[in-house]
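Here's the structure, in structure tokens; my notes come after.
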Amino acid sequence: MGKSSKDKRDAYYRLAKEQGWRARSAFKLLQLDEEFNLFENVTRVVDLCAAPGSWSQVLSRVLIKNEKFGRCAWEDREAQFRQRMLNLIPSASSQEDSQQETKQDVEMANTQDETTARPDVKIVSIDLQPISPLPGVITLRADITHPATVPLLLKALDPSYDPETSTNQQAQHPVDLVISDGAPDVTGLHDLDIYVQSQLLFAALNLALCVLKPGGKFVAKIFRGRNVDLLYAQLKVFFEKVHVAKPRSSRASSVEAFIVCINFQPPEGFKASLEEPLGVGSRLAELQEQQQDPISQSEPSKADDDGITEVILEDLSGSDNKNRWIAPFIACGDLSAFDSDASYKLAAGHVSLPPVQPPTAPPYKRAIELRRQNGGAYGKPVVAK
Ligand code: SAM
């Protein structure tokens, strides 16, 4: 599929390039923030599974550069874009602006000095893939499922942190907000994709429990499987409020949604650990029993019991309805915003912009190189050594 047909099919893809975002996902975080005011009173943030870095760009622009992306600013930008997209050929200057902005991001990161950074704000972004530099963002190449990632992250937030000696609560739980947009490479096998994505979600949750301060927030992508209400019930053990949100920029046709968990309140005596994470064994069922009645605000769900999430949520004592809870569902993003499932007419002579941030080291890079070396798609097949 050519670039311009993707432009036509996906307004957010095009809008992201116009505004200099590395991925269209930036709009999902902006629309979540519009609804939940995620960045209020936040100075320590961790962005998990962050490459290529559009969510980190949002953090950097909002928290470091103090840019406003409230409803008004968003509507202004969108109205301008709608005008250009539906009536006009994009002006050369708009293309140059967005290219310039990306270049600036990288340059500012490289030459970052005390005047550009807000010293009270710390943003750490983690991914298996490298992330190109962003102003005020510390990037780590690490696996969020690995226990060694937690001390690495705490050290990045506070260089004086020493895992051997730092025992106080504040040093170990300094983070106000953990966000995770984790997704494995999609196989196309629906149940498998949901299963692997849930494993990543659990990894993100376990990591968040290790570093969040009381009152903190956790936002993560989920794929809504059949028994997702078990997951909501689990989250309700730790957070005062749990919502499931669908930003308008997330395709309605996709099972993707985001859990937004507010006011972290770990049960008394709970000790988070990546060595002994939730999602394995019976730790969570015990915790739920210890709680008085954390999930009593709503009727139990009637969801059936044979979903793949049973395997994932093995912590819960069976598929008993008392362990289920339906989180309030909120659609967010302005209703006048672009429909991410619609195709839009492009002006004749429309010029497609190049991506803001080409993948730094895509997993398929080596395969492409090998194929090129051997005469392309019709050359003889090669196997990597
Ligand atoms: N939020 C990002 C943005 O706005 O640019 C997009 C994230 S992308 C949808 C999902 C990312 O999850 C990929 O970059 C992938 O490398 C990362 N990922 C998958 N498994 C991971 C793991 N175990 N540890 C760290 N990152 C992981």
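Numbering starts fresh at 1 for the residues of each chain in the structure tokens, the chains themselves are lettered A, B, ... in the order given, and ligands are numbered from 1 as they appear.
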Could you pull the residues within 8 Å of Arg24 in chain A, counting only C-alpha atoms, minus those fewer than 4 positions along the same chain, as a list of chain:residue names?
A:Tyr12, A:Tyr13, A:Leu15, A:Ala16, A:Lys28, A:Ser54
Output file for the residues above (N, CA and C atoms, as a PDB file, in the first residue's frame):
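again_29.pdb, written as the output of this step:
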```
ATOM      1  N   TYR A  12      -5.220  10.288  10.982  1.00  0.00           N
ATOM      2  CA  TYR A  12      -4.290  10.511  12.093  1.00  0.00           C
ATOM      3  C   TYR A  12      -2.842  10.234  11.686  1.00  0.00           C
ATOM      4  N   TYR A  13      -2.682   9.293  10.777  1.00  0.00           N
ATOM      5  CA  TYR A  13      -1.340   8.991  10.256  1.00  0.00           C
ATOM      6  C   TYR A  13      -0.776  10.244   9.587  1.00  0.00           C
ATOM      7  N   LEU A  15      -1.985  13.380   9.959  1.00  0.00           N
ATOM      8  CA  LEU A  15      -1.904  14.482  10.925  1.00  0.00           C
ATOM      9  C   LEU A  15      -0.612  14.377  11.759  1.00  0.00           C
ATOM     10  N   ALA A  16      -0.218  13.153  12.082  1.00  0.00           N
ATOM     11  CA  ALA A  16       1.010  12.952  12.874  1.00  0.00           C
ATOM     12  C   ALA A  16       2.213  13.476  12.098  1.00  0.00           C
ATOM     13  N   LYS A  28      -3.464   9.359  20.735  1.00  0.00           N
ATOM     14  CA  LYS A  28      -4.177   8.560  21.741  1.00  0.00           C
ATOM     15  C   LYS A  28      -3.848   9.097  23.131  1.00  0.00           C
ATOM     16  N   SER A  54       6.611   8.448  20.173  1.00  0.00           N
ATOM     17  CA  SER A  54       5.633   9.546  20.074  1.00  0.00           C
ATOM     18  C   SER A  54       5.020   9.881  21.434  1.00  0.00           C
TER      19      SER A  54
END
```
Could you report the residues within 7 Å of ligand 1, using only C-alpha atoms and all ligand atoms, as an mmCIF file with N, CA and C atoms, in the first residue's frame?
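Heads up, here's the output in pocket.cif:
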```
data_model
loop_
_atom_site.group_PDB
_atom_site.id
_atom_site.type_symbol
_atom_site.label_atom_id
_atom_site.label_comp_id
_atom_site.auth_asym_id
_atom_site.auth_seq_id
_atom_site.Cartn_x
_atom_site.Cartn_y
_atom_site.Cartn_z
ATOM 1 N N ARG A 22 6.216 11.207 15.892
ATOM 2 C CA ARG A 22 6.876 10.020 15.351
ATOM 3 C C ARG A 22 5.892 8.900 15.020
ATOM 4 N N ALA A 23 4.740 8.907 15.668
ATOM 5 C CA ALA A 23 3.718 7.894 15.375
ATOM 6 C C ALA A 23 2.348 8.492 15.671
ATOM 7 N N SER A 25 0.165 7.281 17.404
ATOM 8 C CA SER A 25 -0.238 6.985 18.794
ATOM 9 C C SER A 25 -0.203 8.228 19.678
ATOM 10 N N ALA A 26 0.574 9.231 19.279
ATOM 11 C CA ALA A 26 0.641 10.470 20.084
ATOM 12 C C ALA A 26 -0.765 10.989 20.382
ATOM 13 N N LEU A 48 6.843 3.095 29.188
ATOM 14 C CA LEU A 48 7.296 1.729 28.872
ATOM 15 C C LEU A 48 6.934 1.383 27.437
ATOM 16 N N CYS A 49 7.784 0.598 26.812
ATOM 17 C CA CYS A 49 7.559 0.185 25.419
ATOM 18 C C CYS A 49 7.385 1.441 24.558
ATOM 19 N N ALA A 50 8.391 2.278 24.572
ATOM 20 C CA ALA A 50 8.221 3.660 24.116
ATOM 21 C C ALA A 50 8.627 3.928 22.665
ATOM 22 N N ALA A 51 9.356 3.004 22.024
ATOM 23 C CA ALA A 51 9.839 3.287 20.661
ATOM 24 C C ALA A 51 8.667 3.279 19.674
ATOM 25 N N PRO A 52 8.683 4.081 18.626
ATOM 26 C CA PRO A 52 9.723 5.041 18.252
ATOM 27 C C PRO A 52 9.745 6.308 19.108
ATOM 28 N N GLY A 53 8.706 6.540 19.909
ATOM 29 C CA GLY A 53 8.832 7.643 20.855
ATOM 30 C C GLY A 53 7.777 8.730 20.778
ATOM 31 N N SER A 54 6.611 8.448 20.173
ATOM 32 C CA SER A 54 5.633 9.546 20.074
ATOM 33 C C SER A 54 5.020 9.881 21.434
ATOM 34 N N TRP A 55 4.843 8.882 22.299
ATOM 35 C CA TRP A 55 4.319 9.193 23.636
ATOM 36 C C TRP A 55 5.373 9.984 24.421
ATOM 37 N N SER A 56 6.635 9.613 24.241
ATOM 38 C CA SER A 56 7.697 10.363 24.926
ATOM 39 C C SER A 56 7.762 11.790 24.393
ATOM 40 N N ILE A 126 11.585 3.490 28.030
ATOM 41 C CA ILE A 126 12.233 2.170 27.910
ATOM 42 C C ILE A 126 11.659 1.406 26.733
ATOM 43 N N ASP A 127 12.538 0.780 25.980
ATOM 44 C CA ASP A 127 12.063 -0.130 24.916
ATOM 45 C C ASP A 127 13.174 -1.118 24.574
ATOM 46 N N LEU A 128 12.788 -2.225 23.968
ATOM 47 C CA LEU A 128 13.776 -3.174 23.450
ATOM 48 C C LEU A 128 14.525 -2.549 22.280
ATOM 49 N N GLN A 129 13.816 -1.687 21.547
ATOM 50 C CA GLN A 129 14.397 -1.019 20.385
ATOM 51 C C GLN A 129 15.033 0.304 20.820
ATOM 52 N N ALA A 142 15.958 -1.660 27.190
ATOM 53 C CA ALA A 142 15.833 -2.738 28.181
ATOM 54 C C ALA A 142 14.518 -3.472 27.975
ATOM 55 N N ASP A 143 14.441 -4.638 28.627
ATOM 56 C CA ASP A 143 13.256 -5.485 28.537
ATOM 57 C C ASP A 143 12.408 -5.246 29.786
ATOM 58 N N ILE A 144 11.163 -4.844 29.601
ATOM 59 C CA ILE A 144 10.351 -4.502 30.783
ATOM 60 C C ILE A 144 9.967 -5.740 31.595
ATOM 61 N N THR A 145 10.174 -6.920 31.039
ATOM 62 C CA THR A 145 9.828 -8.138 31.787
ATOM 63 C C THR A 145 10.994 -8.592 32.669
ATOM 64 N N SER A 180 2.165 2.809 29.431
ATOM 65 C CA SER A 180 2.691 1.688 28.649
ATOM 66 C C SER A 180 1.829 1.453 27.423
ATOM 67 N N ASP A 181 2.479 1.482 26.284
ATOM 68 C CA ASP A 181 1.773 1.254 25.015
ATOM 69 C C ASP A 181 2.284 -0.052 24.413
ATOM 70 N N GLY A 182 2.671 -0.971 25.291
ATOM 71 C CA GLY A 182 3.351 -2.191 24.869
ATOM 72 C C GLY A 182 2.546 -3.033 23.903
ATOM 73 N N ALA A 183 3.220 -3.484 22.861
ATOM 74 C CA ALA A 183 2.582 -4.389 21.916
ATOM 75 C C ALA A 183 3.656 -5.280 21.321
ATOM 76 N N PRO A 184 3.392 -6.572 21.263
ATOM 77 C CA PRO A 184 4.353 -7.450 20.605
ATOM 78 C C PRO A 184 4.157 -7.341 19.096
ATOM 79 N N LEU A 200 2.603 -8.701 28.287
ATOM 80 C CA LEU A 200 3.297 -7.404 28.347
ATOM 81 C C LEU A 200 2.607 -6.465 29.327
#
```
Length of the CA of Glu35 in chain A to CA of Cys332 in chain A vector [Å]
6.1 Å
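Distance annotation: of A:Gly269, A:Ala204, A:Leu177, A:Ser160, the residue with the minimal separation from Val42 in chain A is A:Leu177; atom set is only C-alpha atoms.
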Atom-to-atom span, CA of Ile131 in chain A and CA of Leu157 in chain A, Å:
17.4 Å
I want to know what sits within 8 Å of range 148-153 of chain A, based on only C-alpha atoms, with residues of the same chain fewer than 6 positions away left out; could you give that as a PDB file with N, CA and C atoms, in the first residue's frame?
```
ATOM      1  N   VAL A 124      11.670   8.928  31.913  1.00  0.00           N
ATOM      2  CA  VAL A 124      12.499   7.802  31.475  1.00  0.00           C
ATOM      3  C   VAL A 124      11.670   6.942  30.518  1.00  0.00           C
ATOM      4  N   LEU A 140      16.243   4.263  27.774  1.00  0.00           N
ATOM      5  CA  LEU A 140      16.934   3.029  28.150  1.00  0.00           C
ATOM      6  C   LEU A 140      16.529   1.930  27.188  1.00  0.00           C
ATOM      7  N   ALA A 142      15.958  -1.660  27.190  1.00  0.00           N
ATOM      8  CA  ALA A 142      15.833  -2.738  28.181  1.00  0.00           C
ATOM      9  C   ALA A 142      14.518  -3.472  27.975  1.00  0.00           C
ATOM     10  N   PRO A 163      20.701   0.321  44.827  1.00  0.00           N
ATOM     11  CA  PRO A 163      19.772  -0.753  45.195  1.00  0.00           C
ATOM     12  C   PRO A 163      20.180  -1.481  46.471  1.00  0.00           C
ATOM     13  N   LEU A 207       5.927  -3.816  36.946  1.00  0.00           N
ATOM     14  CA  LEU A 207       6.967  -2.786  37.041  1.00  0.00           C
ATOM     15  C   LEU A 207       6.401  -1.515  37.690  1.00  0.00           C
ATOM     16  N   CYS A 210       6.197  -1.659  41.335  1.00  0.00           N
ATOM     17  CA  CYS A 210       7.513  -1.533  41.991  1.00  0.00           C
ATOM     18  C   CYS A 210       7.948  -0.084  42.162  1.00  0.00           C
ATOM     19  N   VAL A 211       7.493   0.819  41.287  1.00  0.00           N
ATOM     20  CA  VAL A 211       8.072   2.175  41.300  1.00  0.00           C
ATOM     21  C   VAL A 211       7.079   3.307  41.576  1.00  0.00           C
TER      22      VAL A 211
END
```
Restricting the calculation to only C-alpha atoms: of A:Leu209, A:Val175, A:Ala327, A:Leu231, which residue gets closest to Phe270 in chain A?
A:Leu209
Would you please extract all strand (DSSP E or B) residues from range 86-283 of chain A, as assigned by DSSP on the backbone, and give them as a VMD selection string?
chain A and resid 122 to 127 137 to 141 175 to 180 212 to 223 239 to 247 256 to 264
Serialized selection, C-alpha atoms, as an mmCIF file, in the first residue's frame:
```
data_model
loop_
_atom_site.group_PDB
_atom_site.id
_atom_site.type_symbol
_atom_site.label_atom_id
_atom_site.label_comp_id
_atom_site.auth_asym_id
_atom_site.auth_seq_id
_atom_site.Cartn_x
_atom_site.Cartn_y
_atom_site.Cartn_z
ATOM 1 C CA LYS A 122 12.318 13.415 34.952
ATOM 2 C CA ILE A 123 11.100 11.279 32.071
ATOM 3 C CA VAL A 124 12.499 7.802 31.475
ATOM 4 C CA SER A 125 11.531 5.878 28.345
ATOM 5 C CA ILE A 126 12.233 2.170 27.910
ATOM 6 C CA ASP A 127 12.063 -0.130 24.916
ATOM 7 C CA VAL A 137 14.000 12.300 28.033
ATOM 8 C CA ILE A 138 16.333 9.587 29.341
ATOM 9 C CA THR A 139 16.068 6.561 27.093
ATOM 10 C CA LEU A 140 16.934 3.029 28.150
ATOM 11 C CA ARG A 141 17.178 -0.008 25.929
ATOM 12 C CA VAL A 175 7.165 7.781 40.106
ATOM 13 C CA ASP A 176 3.925 9.764 39.597
ATOM 14 C CA LEU A 177 2.850 8.233 36.312
ATOM 15 C CA VAL A 178 3.665 5.022 34.422
ATOM 16 C CA ILE A 179 2.383 4.736 30.863
ATOM 17 C CA SER A 180 2.691 1.688 28.649
ATOM 18 C CA LEU A 212 4.780 4.107 41.661
ATOM 19 C CA LYS A 213 4.325 6.346 44.674
ATOM 20 C CA PRO A 214 1.022 6.232 46.564
ATOM 21 C CA GLY A 215 -1.442 8.387 44.643
ATOM 22 C CA GLY A 216 0.302 7.590 41.341
ATOM 23 C CA LYS A 217 -1.348 6.748 38.011
ATOM 24 C CA PHE A 218 -0.982 3.880 35.575
ATOM 25 C CA VAL A 219 -2.115 3.924 31.947
ATOM 26 C CA ALA A 220 -1.684 0.937 29.652
ATOM 27 C CA LYS A 221 -2.864 -0.469 26.387
ATOM 28 C CA ILE A 222 -5.040 -3.564 26.577
ATOM 29 C CA PHE A 223 -6.617 -5.773 23.968
ATOM 30 C CA PHE A 239 -6.069 1.705 42.417
ATOM 31 C CA GLU A 240 -8.953 3.761 43.712
ATOM 32 C CA LYS A 241 -10.355 4.359 40.210
ATOM 33 C CA VAL A 242 -10.050 2.168 37.145
ATOM 34 C CA HIS A 243 -11.472 3.205 33.778
ATOM 35 C CA VAL A 244 -11.262 1.694 30.380
ATOM 36 C CA ALA A 245 -10.948 4.327 27.685
ATOM 37 C CA LYS A 246 -11.098 4.334 23.922
ATOM 38 C CA PRO A 247 -9.580 7.454 22.338
ATOM 39 C CA GLU A 256 -7.342 -2.012 21.554
ATOM 40 C CA ALA A 257 -8.340 0.168 24.512
ATOM 41 C CA PHE A 258 -6.514 1.761 27.445
ATOM 42 C CA ILE A 259 -6.887 1.197 31.138
ATOM 43 C CA VAL A 260 -6.529 4.367 33.147
ATOM 44 C CA CYS A 261 -5.875 3.688 36.828
ATOM 45 C CA ILE A 262 -5.923 6.594 39.247
ATOM 46 C CA ASN A 263 -4.710 6.929 42.831
ATOM 47 C CA PHE A 264 -2.398 4.019 43.540
#
```
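Closest approach to Ser253 in chain A among A:Asp47, A:Asp339, A:Glu18, A:Asp185 is made by A:Asp339 (distances from only C-alpha atoms).
Proximity to Leu154 in chain A was assessed for A:Leu370, A:Val45, A:Ala11, A:Ile326 counting only C-alpha atoms; the smallest distance is recorded for A:Val45.
Across the model, the gap from CA of Val356 in chain A to CA of Asn374 in chain A is 29.8 Å.
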Ranking A:Pro358, A:Pro267, A:Pro174, A:Gly376 by minimum distance to Pro130 in chain A and counting only C-alpha atoms, which one comes first?
A:Pro358
Step one, run DSSP on the backbone; step two, keep only residues of range 21-267 of chain A assigned to helix (DSSP H, G or I); then write them as a ChimeraX atom specification.
/A:25-36,54-64,71-87,92-110,149-157,169-172,190-211,228-238
